[in-house]
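Q: Sharing a structure here in structure tokens format.
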Amino acid sequence: MSIGIIGSGAIGTAFARTLARAGIAATISNSRGPDSLKELVHELGPSIKAGTREQAARADIVFVAVNWSKLAEALAALPDWDGRIVIDANNPIEAPLFKPADLRGRVSSEVFGEFVAGARVVKAFNHLRAEILAGDPKEKGGRRVLFYSGDDKAAKAEVAALIDRIGFVGIDLGSLAIGGKLAQFPGGPLPNQNLIKID
Ligand SMILES: NC(=O)c1ccc[n+]([C@@H]2O[C@H](COP(=O)([O-])OP(=O)(O)OC[C@H]3O[C@@H](n4cnc5c(N)ncnc54)[C@H](OP(=O)(O)O)[C@@H]3O)[C@@H](O)[C@H]2O)c1
């Protein structure tokens, strides 16, 4: 399974760091192009390569962590998604105003899904602050919990396997309509719950 990352800010980098720690290969991208990522990939280590947005988007699993208002542009004019897995790590709110986006009553991942029509969307990696996500998932005799939700069982199983490989414990919250809502920030009860499952 190849992995691409669109967005190299706080969350894209935190995710890349968890992959690098486990020696998992990925291509990371941003709006400024691979040259702007030289220092970051050097720091992350040999498994993480810098690429274009298009290169990252061709992977089997594409992790998206972009400011809410920039998602449409970041996901425009990319190759057909064709059933590939897209991880939605985004929250519908952003600096500097921190005013929640108007979702017209919908779950944010359902709105996100319109930017990646034809992809199998799994909501995950959005409920913890970047510095916690980037840190060691092993703590106090247990492993940090990550929630995930989605409407495609096989896609969720792939993301669950990845969560396990990078050392976290995954908890399936169900469909996007149900799980996405529980993990949604702002509004859901799960964001910022930094939970450890004792093994
Ligand atoms: N920060 C957190 O603790 C946290 C926690 C959970 C979820 N989230 C969510 O994760 C998402 C990203 O947050 P963040 O804190 O990582 O934001 P960030 O640090 O501001 O990084 C945003 C990234 O998006 C990239 N980007 C913007 N427009 C793009 C485009 N057209 N094409 C490709 N890349 C583009 C930026 O590229 P450049 O680097 O080239 O500008 C940047 O790398 C947001 O939806 C946020 O709500 C954040």
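Just so we're on the same page: first chain in the structure tokens is A, next is B, and so on; residues restart at 1 for each chain, and ligands are numbered from 1 in the order they show up.
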Taking only C-alpha atoms and all ligand atoms and a cut-off of 8 Å, can you tell me which residues surround ligand 1, written as a PDB file with all heavy atoms, in the first residue's frame?
A:
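Produced file result_0.pdb, reproduced below:
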```
ATOM      1  N   ILE A   6      -1.242  14.986   1.534  1.00  0.00           N
ATOM      2  CA  ILE A   6      -1.464  16.335   0.991  1.00  0.00           C
ATOM      3  C   ILE A   6      -1.624  17.273   2.186  1.00  0.00           C
ATOM      4  O   ILE A   6      -2.567  17.134   2.968  1.00  0.00           O
ATOM      5  CB  ILE A   6      -2.702  16.383   0.062  1.00  0.00           C
ATOM      6  CG1 ILE A   6      -2.495  15.432  -1.126  1.00  0.00           C
ATOM      7  CG2 ILE A   6      -2.948  17.812  -0.427  1.00  0.00           C
ATOM      8  CD1 ILE A   6      -3.659  15.397  -2.121  1.00  0.00           C
ATOM      9  N   GLY A   7      -0.687  18.188   2.319  1.00  0.00           N
ATOM     10  CA  GLY A   7      -0.643  19.083   3.487  1.00  0.00           C
ATOM     11  C   GLY A   7       0.538  18.690   4.355  1.00  0.00           C
ATOM     12  O   GLY A   7       0.596  17.554   4.853  1.00  0.00           O
ATOM     13  N   SER A   8       1.473  19.620   4.496  1.00  0.00           N
ATOM     14  CA  SER A   8       2.691  19.330   5.264  1.00  0.00           C
ATOM     15  C   SER A   8       2.802  20.250   6.476  1.00  0.00           C
ATOM     16  O   SER A   8       3.891  20.547   6.938  1.00  0.00           O
ATOM     17  CB  SER A   8       3.923  19.515   4.373  1.00  0.00           C
ATOM     18  OG  SER A   8       4.008  20.885   3.995  1.00  0.00           O
ATOM     19  N   GLY A   9       1.633  20.720   6.949  1.00  0.00           N
ATOM     20  CA  GLY A   9       1.634  21.584   8.128  1.00  0.00           C
ATOM     21  C   GLY A   9       1.687  20.738   9.389  1.00  0.00           C
ATOM     22  O   GLY A   9       2.273  19.654   9.411  1.00  0.00           O
ATOM     23  N   ALA A  10       1.051  21.236  10.442  1.00  0.00           N
ATOM     24  CA  ALA A  10       1.151  20.582  11.750  1.00  0.00           C
ATOM     25  C   ALA A  10       0.691  19.123  11.689  1.00  0.00           C
ATOM     26  O   ALA A  10       1.396  18.214  12.152  1.00  0.00           O
ATOM     27  CB  ALA A  10       0.326  21.367  12.771  1.00  0.00           C
ATOM     28  N   ILE A  11      -0.478  18.868  11.085  1.00  0.00           N
ATOM     29  CA  ILE A  11      -1.019  17.497  11.115  1.00  0.00           C
ATOM     30  C   ILE A  11      -0.378  16.610  10.050  1.00  0.00           C
ATOM     31  O   ILE A  11      -0.049  15.448  10.319  1.00  0.00           O
ATOM     32  CB  ILE A  11      -2.559  17.525  10.983  1.00  0.00           C
ATOM     33  CG1 ILE A  11      -3.170  17.972  12.310  1.00  0.00           C
ATOM     34  CG2 ILE A  11      -3.129  16.192  10.564  1.00  0.00           C
ATOM     35  CD1 ILE A  11      -3.103  16.949  13.447  1.00  0.00           C
ATOM     36  N   GLY A  12      -0.166  17.135   8.856  1.00  0.00           N
ATOM     37  CA  GLY A  12       0.503  16.330   7.824  1.00  0.00           C
ATOM     38  C   GLY A  12       1.887  15.892   8.289  1.00  0.00           C
ATOM     39  O   GLY A  12       2.293  14.737   8.099  1.00  0.00           O
ATOM     40  N   THR A  13       2.606  16.802   8.934  1.00  0.00           N
ATOM     41  CA  THR A  13       3.939  16.469   9.438  1.00  0.00           C
ATOM     42  C   THR A  13       3.854  15.485  10.600  1.00  0.00           C
ATOM     43  O   THR A  13       4.654  14.545  10.687  1.00  0.00           O
ATOM     44  CB  THR A  13       4.688  17.748   9.873  1.00  0.00           C
ATOM     45  OG1 THR A  13       4.893  18.550   8.708  1.00  0.00           O
ATOM     46  CG2 THR A  13       6.024  17.437  10.511  1.00  0.00           C
ATOM     47  N   SER A  29       3.360  16.252   0.409  1.00  0.00           N
ATOM     48  CA  SER A  29       3.259  17.382  -0.526  1.00  0.00           C
ATOM     49  C   SER A  29       2.587  18.571   0.155  1.00  0.00           C
ATOM     50  O   SER A  29       1.960  18.420   1.203  1.00  0.00           O
ATOM     51  CB  SER A  29       2.442  16.963  -1.751  1.00  0.00           C
ATOM     52  OG  SER A  29       1.088  16.765  -1.379  1.00  0.00           O
ATOM     53  N   ASN A  30       2.718  19.717  -0.491  1.00  0.00           N
ATOM     54  CA  ASN A  30       2.052  20.920   0.023  1.00  0.00           C
ATOM     55  C   ASN A  30       1.706  21.822  -1.151  1.00  0.00           C
ATOM     56  O   ASN A  30       1.725  21.373  -2.294  1.00  0.00           O
ATOM     57  CB  ASN A  30       2.942  21.609   1.072  1.00  0.00           C
ATOM     58  CG  ASN A  30       4.264  22.094   0.492  1.00  0.00           C
ATOM     59  OD1 ASN A  30       4.451  22.100  -0.722  1.00  0.00           O
ATOM     60  ND2 ASN A  30       5.163  22.492   1.358  1.00  0.00           N
ATOM     61  N   SER A  31       1.415  23.104  -0.880  1.00  0.00           N
ATOM     62  CA  SER A  31       1.032  23.996  -1.985  1.00  0.00           C
ATOM     63  C   SER A  31       2.248  24.570  -2.691  1.00  0.00           C
ATOM     64  O   SER A  31       2.150  25.060  -3.807  1.00  0.00           O
ATOM     65  CB  SER A  31       0.165  25.141  -1.459  1.00  0.00           C
ATOM     66  OG  SER A  31       0.936  26.027  -0.679  1.00  0.00           O
ATOM     67  N   ARG A  32       3.430  24.504  -2.035  1.00  0.00           N
ATOM     68  CA  ARG A  32       4.610  25.214  -2.567  1.00  0.00           C
ATOM     69  C   ARG A  32       5.557  24.329  -3.368  1.00  0.00           C
ATOM     70  O   ARG A  32       6.539  24.828  -3.902  1.00  0.00           O
ATOM     71  CB  ARG A  32       5.360  25.881  -1.409  1.00  0.00           C
ATOM     72  CG  ARG A  32       4.611  27.079  -0.814  1.00  0.00           C
ATOM     73  CD  ARG A  32       5.154  27.449   0.549  1.00  0.00           C
ATOM     74  NE  ARG A  32       4.916  26.371   1.503  1.00  0.00           N
ATOM     75  CZ  ARG A  32       5.752  26.040   2.491  1.00  0.00           C
ATOM     76  NH1 ARG A  32       6.864  26.698   2.653  1.00  0.00           N
ATOM     77  NH2 ARG A  32       5.456  25.045   3.317  1.00  0.00           N
ATOM     78  N   GLY A  33       5.288  23.019  -3.359  1.00  0.00           N
ATOM     79  CA  GLY A  33       6.135  22.140  -4.167  1.00  0.00           C
ATOM     80  C   GLY A  33       7.228  21.461  -3.368  1.00  0.00           C
ATOM     81  O   GLY A  33       7.568  21.894  -2.262  1.00  0.00           O
ATOM     82  N   SER A  36      10.293  22.982  -1.297  1.00  0.00           N
ATOM     83  CA  SER A  36      10.057  23.612   0.013  1.00  0.00           C
ATOM     84  C   SER A  36      10.057  22.574   1.140  1.00  0.00           C
ATOM     85  O   SER A  36      10.009  22.933   2.312  1.00  0.00           O
ATOM     86  CB  SER A  36       8.722  24.357  -0.007  1.00  0.00           C
ATOM     87  OG  SER A  36       7.650  23.430  -0.090  1.00  0.00           O
ATOM     88  N   ARG A  53       1.683  17.527  -5.221  1.00  0.00           N
ATOM     89  CA  ARG A  53       0.326  17.178  -4.798  1.00  0.00           C
ATOM     90  C   ARG A  53      -0.201  16.022  -5.670  1.00  0.00           C
ATOM     91  O   ARG A  53      -0.820  15.089  -5.189  1.00  0.00           O
ATOM     92  CB  ARG A  53      -0.497  18.453  -4.995  1.00  0.00           C
ATOM     93  CG  ARG A  53      -1.859  18.513  -4.438  1.00  0.00           C
ATOM     94  CD  ARG A  53      -2.421  19.890  -4.768  1.00  0.00           C
ATOM     95  NE  ARG A  53      -2.578  20.071  -6.204  1.00  0.00           N
ATOM     96  CZ  ARG A  53      -3.744  20.073  -6.836  1.00  0.00           C
ATOM     97  NH1 ARG A  53      -4.854  19.910  -6.158  1.00  0.00           N
ATOM     98  NH2 ARG A  53      -3.809  20.246  -8.136  1.00  0.00           N
ATOM     99  N   VAL A  64      -5.204  13.538   3.857  1.00  0.00           N
ATOM    100  CA  VAL A  64      -5.399  14.961   3.547  1.00  0.00           C
ATOM    101  C   VAL A  64      -5.509  15.773   4.835  1.00  0.00           C
ATOM    102  O   VAL A  64      -6.386  15.507   5.672  1.00  0.00           O
ATOM    103  CB  VAL A  64      -6.660  15.178   2.671  1.00  0.00           C
ATOM    104  CG1 VAL A  64      -6.846  16.665   2.370  1.00  0.00           C
ATOM    105  CG2 VAL A  64      -6.564  14.379   1.374  1.00  0.00           C
ATOM    106  N   ALA A  65      -4.623  16.748   4.992  1.00  0.00           N
ATOM    107  CA  ALA A  65      -4.643  17.637   6.164  1.00  0.00           C
ATOM    108  C   ALA A  65      -4.344  19.057   5.692  1.00  0.00           C
ATOM    109  O   ALA A  65      -3.186  19.484   5.629  1.00  0.00           O
ATOM    110  CB  ALA A  65      -3.621  17.190   7.206  1.00  0.00           C
ATOM    111  N   VAL A  66      -5.414  19.737   5.320  1.00  0.00           N
ATOM    112  CA  VAL A  66      -5.326  21.073   4.720  1.00  0.00           C
ATOM    113  C   VAL A  66      -6.347  21.959   5.436  1.00  0.00           C
ATOM    114  O   VAL A  66      -7.386  21.464   5.879  1.00  0.00           O
ATOM    115  CB  VAL A  66      -5.634  20.967   3.193  1.00  0.00           C
ATOM    116  CG1 VAL A  66      -5.847  22.321   2.564  1.00  0.00           C
ATOM    117  CG2 VAL A  66      -4.505  20.212   2.474  1.00  0.00           C
ATOM    118  N   ASN A  67      -6.082  23.236   5.515  1.00  0.00           N
ATOM    119  CA  ASN A  67      -7.043  24.162   6.121  1.00  0.00           C
ATOM    120  C   ASN A  67      -8.386  24.037   5.400  1.00  0.00           C
ATOM    121  O   ASN A  67      -8.425  23.968   4.177  1.00  0.00           O
ATOM    122  CB  ASN A  67      -6.542  25.600   5.993  1.00  0.00           C
ATOM    123  CG  ASN A  67      -5.038  25.677   6.159  1.00  0.00           C
ATOM    124  OD1 ASN A  67      -4.309  25.440   5.199  1.00  0.00           O
ATOM    125  ND2 ASN A  67      -4.575  25.931   7.341  1.00  0.00           N
ATOM    126  N   TRP A  68      -9.451  24.058   6.185  1.00  0.00           N
ATOM    127  CA  TRP A  68     -10.779  23.775   5.642  1.00  0.00           C
ATOM    128  C   TRP A  68     -11.090  24.605   4.391  1.00  0.00           C
ATOM    129  O   TRP A  68     -11.556  24.085   3.385  1.00  0.00           O
ATOM    130  CB  TRP A  68     -11.849  23.998   6.734  1.00  0.00           C
ATOM    131  CG  TRP A  68     -13.213  23.603   6.290  1.00  0.00           C
ATOM    132  CD1 TRP A  68     -14.208  24.422   5.846  1.00  0.00           C
ATOM    133  CD2 TRP A  68     -13.733  22.265   6.203  1.00  0.00           C
ATOM    134  NE1 TRP A  68     -15.313  23.684   5.493  1.00  0.00           N
ATOM    135  CE2 TRP A  68     -15.047  22.361   5.702  1.00  0.00           C
ATOM    136  CE3 TRP A  68     -13.205  20.996   6.504  1.00  0.00           C
ATOM    137  CZ2 TRP A  68     -15.858  21.243   5.496  1.00  0.00           C
ATOM    138  CZ3 TRP A  68     -14.020  19.877   6.287  1.00  0.00           C
ATOM    139  CH2 TRP A  68     -15.324  20.014   5.795  1.00  0.00           C
ATOM    140  N   LYS A  70      -9.246  25.764   2.222  1.00  0.00           N
ATOM    141  CA  LYS A  70      -8.353  25.536   1.075  1.00  0.00           C
ATOM    142  C   LYS A  70      -8.504  24.140   0.487  1.00  0.00           C
ATOM    143  O   LYS A  70      -7.802  23.777  -0.463  1.00  0.00           O
ATOM    144  CB  LYS A  70      -6.907  25.782   1.489  1.00  0.00           C
ATOM    145  CG  LYS A  70      -6.695  27.240   1.876  1.00  0.00           C
ATOM    146  CD  LYS A  70      -5.258  27.539   2.172  1.00  0.00           C
ATOM    147  CE  LYS A  70      -5.124  29.033   2.469  1.00  0.00           C
ATOM    148  NZ  LYS A  70      -3.947  29.316   3.290  1.00  0.00           N
ATOM    149  N   LEU A  71      -9.424  23.351   1.054  1.00  0.00           N
ATOM    150  CA  LEU A  71      -9.561  21.963   0.593  1.00  0.00           C
ATOM    151  C   LEU A  71      -9.953  21.879  -0.883  1.00  0.00           C
ATOM    152  O   LEU A  71      -9.420  21.051  -1.626  1.00  0.00           O
ATOM    153  CB  LEU A  71     -10.610  21.233   1.445  1.00  0.00           C
ATOM    154  CG  LEU A  71     -10.118  20.743   2.809  1.00  0.00           C
ATOM    155  CD1 LEU A  71     -11.293  20.291   3.666  1.00  0.00           C
ATOM    156  CD2 LEU A  71      -9.101  19.614   2.649  1.00  0.00           C
ATOM    157  N   ALA A  72     -10.892  22.742  -1.294  1.00  0.00           N
ATOM    158  CA  ALA A  72     -11.383  22.653  -2.675  1.00  0.00           C
ATOM    159  C   ALA A  72     -10.218  22.822  -3.647  1.00  0.00           C
ATOM    160  O   ALA A  72     -10.055  22.044  -4.593  1.00  0.00           O
ATOM    161  CB  ALA A  72     -12.448  23.721  -2.918  1.00  0.00           C
ATOM    162  N   GLU A  73      -9.376  23.813  -3.383  1.00  0.00           N
ATOM    163  CA  GLU A  73      -8.223  24.068  -4.267  1.00  0.00           C
ATOM    164  C   GLU A  73      -7.196  22.932  -4.170  1.00  0.00           C
ATOM    165  O   GLU A  73      -6.656  22.470  -5.184  1.00  0.00           O
ATOM    166  CB  GLU A  73      -7.581  25.388  -3.840  1.00  0.00           C
ATOM    167  CG  GLU A  73      -6.533  25.896  -4.779  1.00  0.00           C
ATOM    168  CD  GLU A  73      -5.806  27.111  -4.192  1.00  0.00           C
ATOM    169  OE1 GLU A  73      -6.349  27.750  -3.268  1.00  0.00           O
ATOM    170  OE2 GLU A  73      -4.695  27.383  -4.654  1.00  0.00           O
ATOM    171  N   ALA A  74      -6.967  22.463  -2.948  1.00  0.00           N
ATOM    172  CA  ALA A  74      -5.939  21.422  -2.744  1.00  0.00           C
ATOM    173  C   ALA A  74      -6.333  20.101  -3.406  1.00  0.00           C
ATOM    174  O   ALA A  74      -5.468  19.296  -3.748  1.00  0.00           O
ATOM    175  CB  ALA A  74      -5.701  21.221  -1.256  1.00  0.00           C
ATOM    176  N   LEU A  75      -7.638  19.886  -3.580  1.00  0.00           N
ATOM    177  CA  LEU A  75      -8.095  18.593  -4.108  1.00  0.00           C
ATOM    178  C   LEU A  75      -8.646  18.706  -5.538  1.00  0.00           C
ATOM    179  O   LEU A  75      -9.205  17.751  -6.067  1.00  0.00           O
ATOM    180  CB  LEU A  75      -9.155  18.009  -3.159  1.00  0.00           C
ATOM    181  CG  LEU A  75      -8.591  17.700  -1.757  1.00  0.00           C
ATOM    182  CD1 LEU A  75      -9.704  17.371  -0.771  1.00  0.00           C
ATOM    183  CD2 LEU A  75      -7.588  16.555  -1.827  1.00  0.00           C
ATOM    184  N   ALA A  89      -8.479  14.059   7.673  1.00  0.00           N
ATOM    185  CA  ALA A  89      -7.999  14.437   9.016  1.00  0.00           C
ATOM    186  C   ALA A  89      -8.394  15.870   9.352  1.00  0.00           C
ATOM    187  O   ALA A  89      -7.861  16.455  10.293  1.00  0.00           O
ATOM    188  CB  ALA A  89      -6.475  14.295   9.063  1.00  0.00           C
ATOM    189  N   ASN A  90      -9.335  16.399   8.569  1.00  0.00           N
ATOM    190  CA  ASN A  90      -9.609  17.839   8.638  1.00  0.00           C
ATOM    191  C   ASN A  90     -10.748  18.193   9.582  1.00  0.00           C
ATOM    192  O   ASN A  90     -11.658  17.394   9.797  1.00  0.00           O
ATOM    193  CB  ASN A  90      -9.951  18.340   7.232  1.00  0.00           C
ATOM    194  CG  ASN A  90      -8.857  17.962   6.266  1.00  0.00           C
ATOM    195  OD1 ASN A  90      -7.813  18.578   6.240  1.00  0.00           O
ATOM    196  ND2 ASN A  90      -9.084  16.895   5.504  1.00  0.00           N
ATOM    197  N   ASN A  91     -10.695  19.405  10.096  1.00  0.00           N
ATOM    198  CA  ASN A  91     -11.783  19.927  10.924  1.00  0.00           C
ATOM    199  C   ASN A  91     -12.309  21.215  10.292  1.00  0.00           C
ATOM    200  O   ASN A  91     -11.524  22.021   9.787  1.00  0.00           O
ATOM    201  CB  ASN A  91     -11.286  20.208  12.347  1.00  0.00           C
ATOM    202  CG  ASN A  91     -11.025  18.915  13.106  1.00  0.00           C
ATOM    203  OD1 ASN A  91     -11.800  17.977  13.011  1.00  0.00           O
ATOM    204  ND2 ASN A  91      -9.926  18.856  13.837  1.00  0.00           N
ATOM    205  N   PRO A  92     -13.642  21.396  10.358  1.00  0.00           N
ATOM    206  CA  PRO A  92     -14.251  22.533   9.658  1.00  0.00           C
ATOM    207  C   PRO A  92     -14.181  23.836  10.459  1.00  0.00           C
ATOM    208  O   PRO A  92     -15.211  24.457  10.760  1.00  0.00           O
ATOM    209  CB  PRO A  92     -15.699  22.063   9.475  1.00  0.00           C
ATOM    210  CG  PRO A  92     -15.950  21.170  10.636  1.00  0.00           C
ATOM    211  CD  PRO A  92     -14.643  20.485  10.935  1.00  0.00           C
ATOM    212  N   ILE A  93     -12.983  24.227  10.765  1.00  0.00           N
ATOM    213  CA  ILE A  93     -12.759  25.454  11.547  1.00  0.00           C
ATOM    214  C   ILE A  93     -11.296  25.823  11.340  1.00  0.00           C
ATOM    215  O   ILE A  93     -10.473  24.933  11.124  1.00  0.00           O
ATOM    216  CB  ILE A  93     -13.065  25.185  13.042  1.00  0.00           C
ATOM    217  CG1 ILE A  93     -13.029  26.480  13.848  1.00  0.00           C
ATOM    218  CG2 ILE A  93     -12.147  24.126  13.652  1.00  0.00           C
ATOM    219  CD1 ILE A  93     -13.677  26.327  15.235  1.00  0.00           C
ATOM    220  N   GLU A  94     -10.966  27.103  11.342  1.00  0.00           N
ATOM    221  CA  GLU A  94      -9.542  27.426  11.169  1.00  0.00           C
ATOM    222  C   GLU A  94      -9.172  28.782  11.732  1.00  0.00           C
ATOM    223  O   GLU A  94     -10.033  29.651  11.940  1.00  0.00           O
ATOM    224  CB  GLU A  94      -9.146  27.313   9.694  1.00  0.00           C
ATOM    225  CG  GLU A  94      -9.810  28.288   8.782  1.00  0.00           C
ATOM    226  CD  GLU A  94      -9.479  28.002   7.321  1.00  0.00           C
ATOM    227  OE1 GLU A  94      -9.993  27.012   6.769  1.00  0.00           O
ATOM    228  OE2 GLU A  94      -8.714  28.774   6.727  1.00  0.00           O
ATOM    229  N   PHE A 125      -7.532  10.597  12.522  1.00  0.00           N
ATOM    230  CA  PHE A 125      -6.373  11.443  12.821  1.00  0.00           C
ATOM    231  C   PHE A 125      -6.738  12.919  13.024  1.00  0.00           C
ATOM    232  O   PHE A 125      -5.886  13.782  12.885  1.00  0.00           O
ATOM    233  CB  PHE A 125      -5.314  11.351  11.703  1.00  0.00           C
ATOM    234  CG  PHE A 125      -4.701   9.982  11.550  1.00  0.00           C
ATOM    235  CD1 PHE A 125      -5.264   9.048  10.688  1.00  0.00           C
ATOM    236  CD2 PHE A 125      -3.574   9.622  12.270  1.00  0.00           C
ATOM    237  CE1 PHE A 125      -4.712   7.781  10.531  1.00  0.00           C
ATOM    238  CE2 PHE A 125      -3.002   8.357  12.123  1.00  0.00           C
ATOM    239  CZ  PHE A 125      -3.577   7.438  11.254  1.00  0.00           C
ATOM    240  N   ASN A 126      -8.012  13.203  13.314  1.00  0.00           N
ATOM    241  CA  ASN A 126      -8.406  14.617  13.451  1.00  0.00           C
ATOM    242  C   ASN A 126      -8.714  15.009  14.886  1.00  0.00           C
ATOM    243  O   ASN A 126      -8.999  16.167  15.144  1.00  0.00           O
ATOM    244  CB  ASN A 126      -9.667  14.891  12.633  1.00  0.00           C
ATOM    245  CG  ASN A 126     -10.887  14.245  13.280  1.00  0.00           C
ATOM    246  OD1 ASN A 126     -10.908  13.026  13.448  1.00  0.00           O
ATOM    247  ND2 ASN A 126     -11.859  15.025  13.679  1.00  0.00           N
ATOM    248  N   HIS A 127      -8.699  14.045  15.821  1.00  0.00           N
ATOM    249  CA  HIS A 127      -9.271  14.409  17.132  1.00  0.00           C
ATOM    250  C   HIS A 127      -8.227  14.824  18.169  1.00  0.00           C
ATOM    251  O   HIS A 127      -8.580  15.277  19.248  1.00  0.00           O
ATOM    252  CB  HIS A 127     -10.163  13.265  17.659  1.00  0.00           C
ATOM    253  CG  HIS A 127      -9.471  12.286  18.538  1.00  0.00           C
ATOM    254  ND1 HIS A 127      -8.650  11.288  18.036  1.00  0.00           N
ATOM    255  CD2 HIS A 127      -9.445  12.142  19.876  1.00  0.00           C
ATOM    256  CE1 HIS A 127      -8.169  10.591  19.036  1.00  0.00           C
ATOM    257  NE2 HIS A 127      -8.624  11.080  20.167  1.00  0.00           N
ATOM    258  N   LEU A 128      -6.931  14.671  17.811  1.00  0.00           N
ATOM    259  CA  LEU A 128      -5.873  15.060  18.763  1.00  0.00           C
ATOM    260  C   LEU A 128      -5.078  16.233  18.211  1.00  0.00           C
ATOM    261  O   LEU A 128      -4.940  16.373  16.992  1.00  0.00           O
ATOM    262  CB  LEU A 128      -4.916  13.887  18.989  1.00  0.00           C
ATOM    263  CG  LEU A 128      -5.473  12.694  19.750  1.00  0.00           C
ATOM    264  CD1 LEU A 128      -4.451  11.563  19.753  1.00  0.00           C
ATOM    265  CD2 LEU A 128      -5.863  13.084  21.181  1.00  0.00           C
ATOM    266  N   ARG A 129      -4.511  17.020  19.096  1.00  0.00           N
ATOM    267  CA  ARG A 129      -3.620  18.100  18.657  1.00  0.00           C
ATOM    268  C   ARG A 129      -2.388  17.484  18.007  1.00  0.00           C
ATOM    269  O   ARG A 129      -1.935  16.398  18.380  1.00  0.00           O
ATOM    270  CB  ARG A 129      -3.205  18.974  19.844  1.00  0.00           C
ATOM    271  CG  ARG A 129      -4.322  19.825  20.412  1.00  0.00           C
ATOM    272  CD  ARG A 129      -3.743  21.036  21.151  1.00  0.00           C
ATOM    273  NE  ARG A 129      -2.535  20.711  21.900  1.00  0.00           N
ATOM    274  CZ  ARG A 129      -2.522  20.236  23.147  1.00  0.00           C
ATOM    275  NH1 ARG A 129      -3.650  20.051  23.794  1.00  0.00           N
ATOM    276  NH2 ARG A 129      -1.378  19.972  23.753  1.00  0.00           N
ATOM    277  N   ALA A 130      -1.820  18.224  17.064  1.00  0.00           N
ATOM    278  CA  ALA A 130      -0.713  17.685  16.270  1.00  0.00           C
ATOM    279  C   ALA A 130       0.450  17.209  17.139  1.00  0.00           C
ATOM    280  O   ALA A 130       1.039  16.155  16.881  1.00  0.00           O
ATOM    281  CB  ALA A 130      -0.234  18.750  15.284  1.00  0.00           C
ATOM    282  N   GLU A 131       0.781  17.955  18.175  1.00  0.00           N
ATOM    283  CA  GLU A 131       1.965  17.566  18.968  1.00  0.00           C
ATOM    284  C   GLU A 131       1.720  16.257  19.708  1.00  0.00           C
ATOM    285  O   GLU A 131       2.667  15.490  19.938  1.00  0.00           O
ATOM    286  CB  GLU A 131       2.430  18.696  19.903  1.00  0.00           C
ATOM    287  CG  GLU A 131       1.434  19.336  20.801  1.00  0.00           C
ATOM    288  CD  GLU A 131       0.549  20.417  20.164  1.00  0.00           C
ATOM    289  OE1 GLU A 131       0.333  20.419  18.931  1.00  0.00           O
ATOM    290  OE2 GLU A 131       0.038  21.244  20.920  1.00  0.00           O
ATOM    291  N   PHE A 185     -14.805  18.131  15.169  1.00  0.00           N
ATOM    292  CA  PHE A 185     -14.452  19.319  15.939  1.00  0.00           C
ATOM    293  C   PHE A 185     -14.754  20.549  15.098  1.00  0.00           C
ATOM    294  O   PHE A 185     -14.269  20.645  13.971  1.00  0.00           O
ATOM    295  CB  PHE A 185     -12.959  19.310  16.305  1.00  0.00           C
ATOM    296  CG  PHE A 185     -12.552  20.554  17.045  1.00  0.00           C
ATOM    297  CD1 PHE A 185     -12.864  20.694  18.393  1.00  0.00           C
ATOM    298  CD2 PHE A 185     -11.885  21.592  16.402  1.00  0.00           C
ATOM    299  CE1 PHE A 185     -12.506  21.846  19.074  1.00  0.00           C
ATOM    300  CE2 PHE A 185     -11.531  22.744  17.095  1.00  0.00           C
ATOM    301  CZ  PHE A 185     -11.846  22.870  18.427  1.00  0.00           C
TER     302      PHE A 185
END
```
Q: Residues within 10 Å of Ala177 of chain A, please, as a list in words. Count only C-alpha atoms; anything in the same chain fewer than 5 positions from it doesn't count.
A: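 Listing them by chain and then by number gives Arg106, Val107, Ser108, Ser109, Glu110, Ser149, Gly150, Asp151 and Leu182 of chain A.
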Q: For Ser47 of chain A, which of A:Ser2, A:Asp60, A:Ile85, A:Lys99 is the closest residue, counting only C-alpha atoms?
A: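 Comparing A:Ser2, A:Asp60, A:Ile85, A:Lys99 against Ser47 of chain A, the winner is A:Ser2.
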Q: Would you kindly return, as a list in words, each protein, DNA or RNA residue with an atom no farther than 9 Å from any atom of Val41 of chain A, considering only C-alpha atoms and excluding same-chain residues fewer than 5 positions away?
A: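 Those residues are Ile28, Pro46, Ser47, Ile48, Lys49 and Ala50 of chain A.
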Q: Residues of segment 142-192 of chain A in alpha helix (DSSP H) according to DSSP, as a PyMOL selection string?
A: chain A and resi 153-165+181-182
Q: Excluding Asp172 of chain A and its own-chain neighbours fewer than 2 positions away, which residues fall within 8 Å of it when counting only C-alpha atoms? Please give them as a PyMOL selection string.
A: chain A and resi 147-149+170+174+179
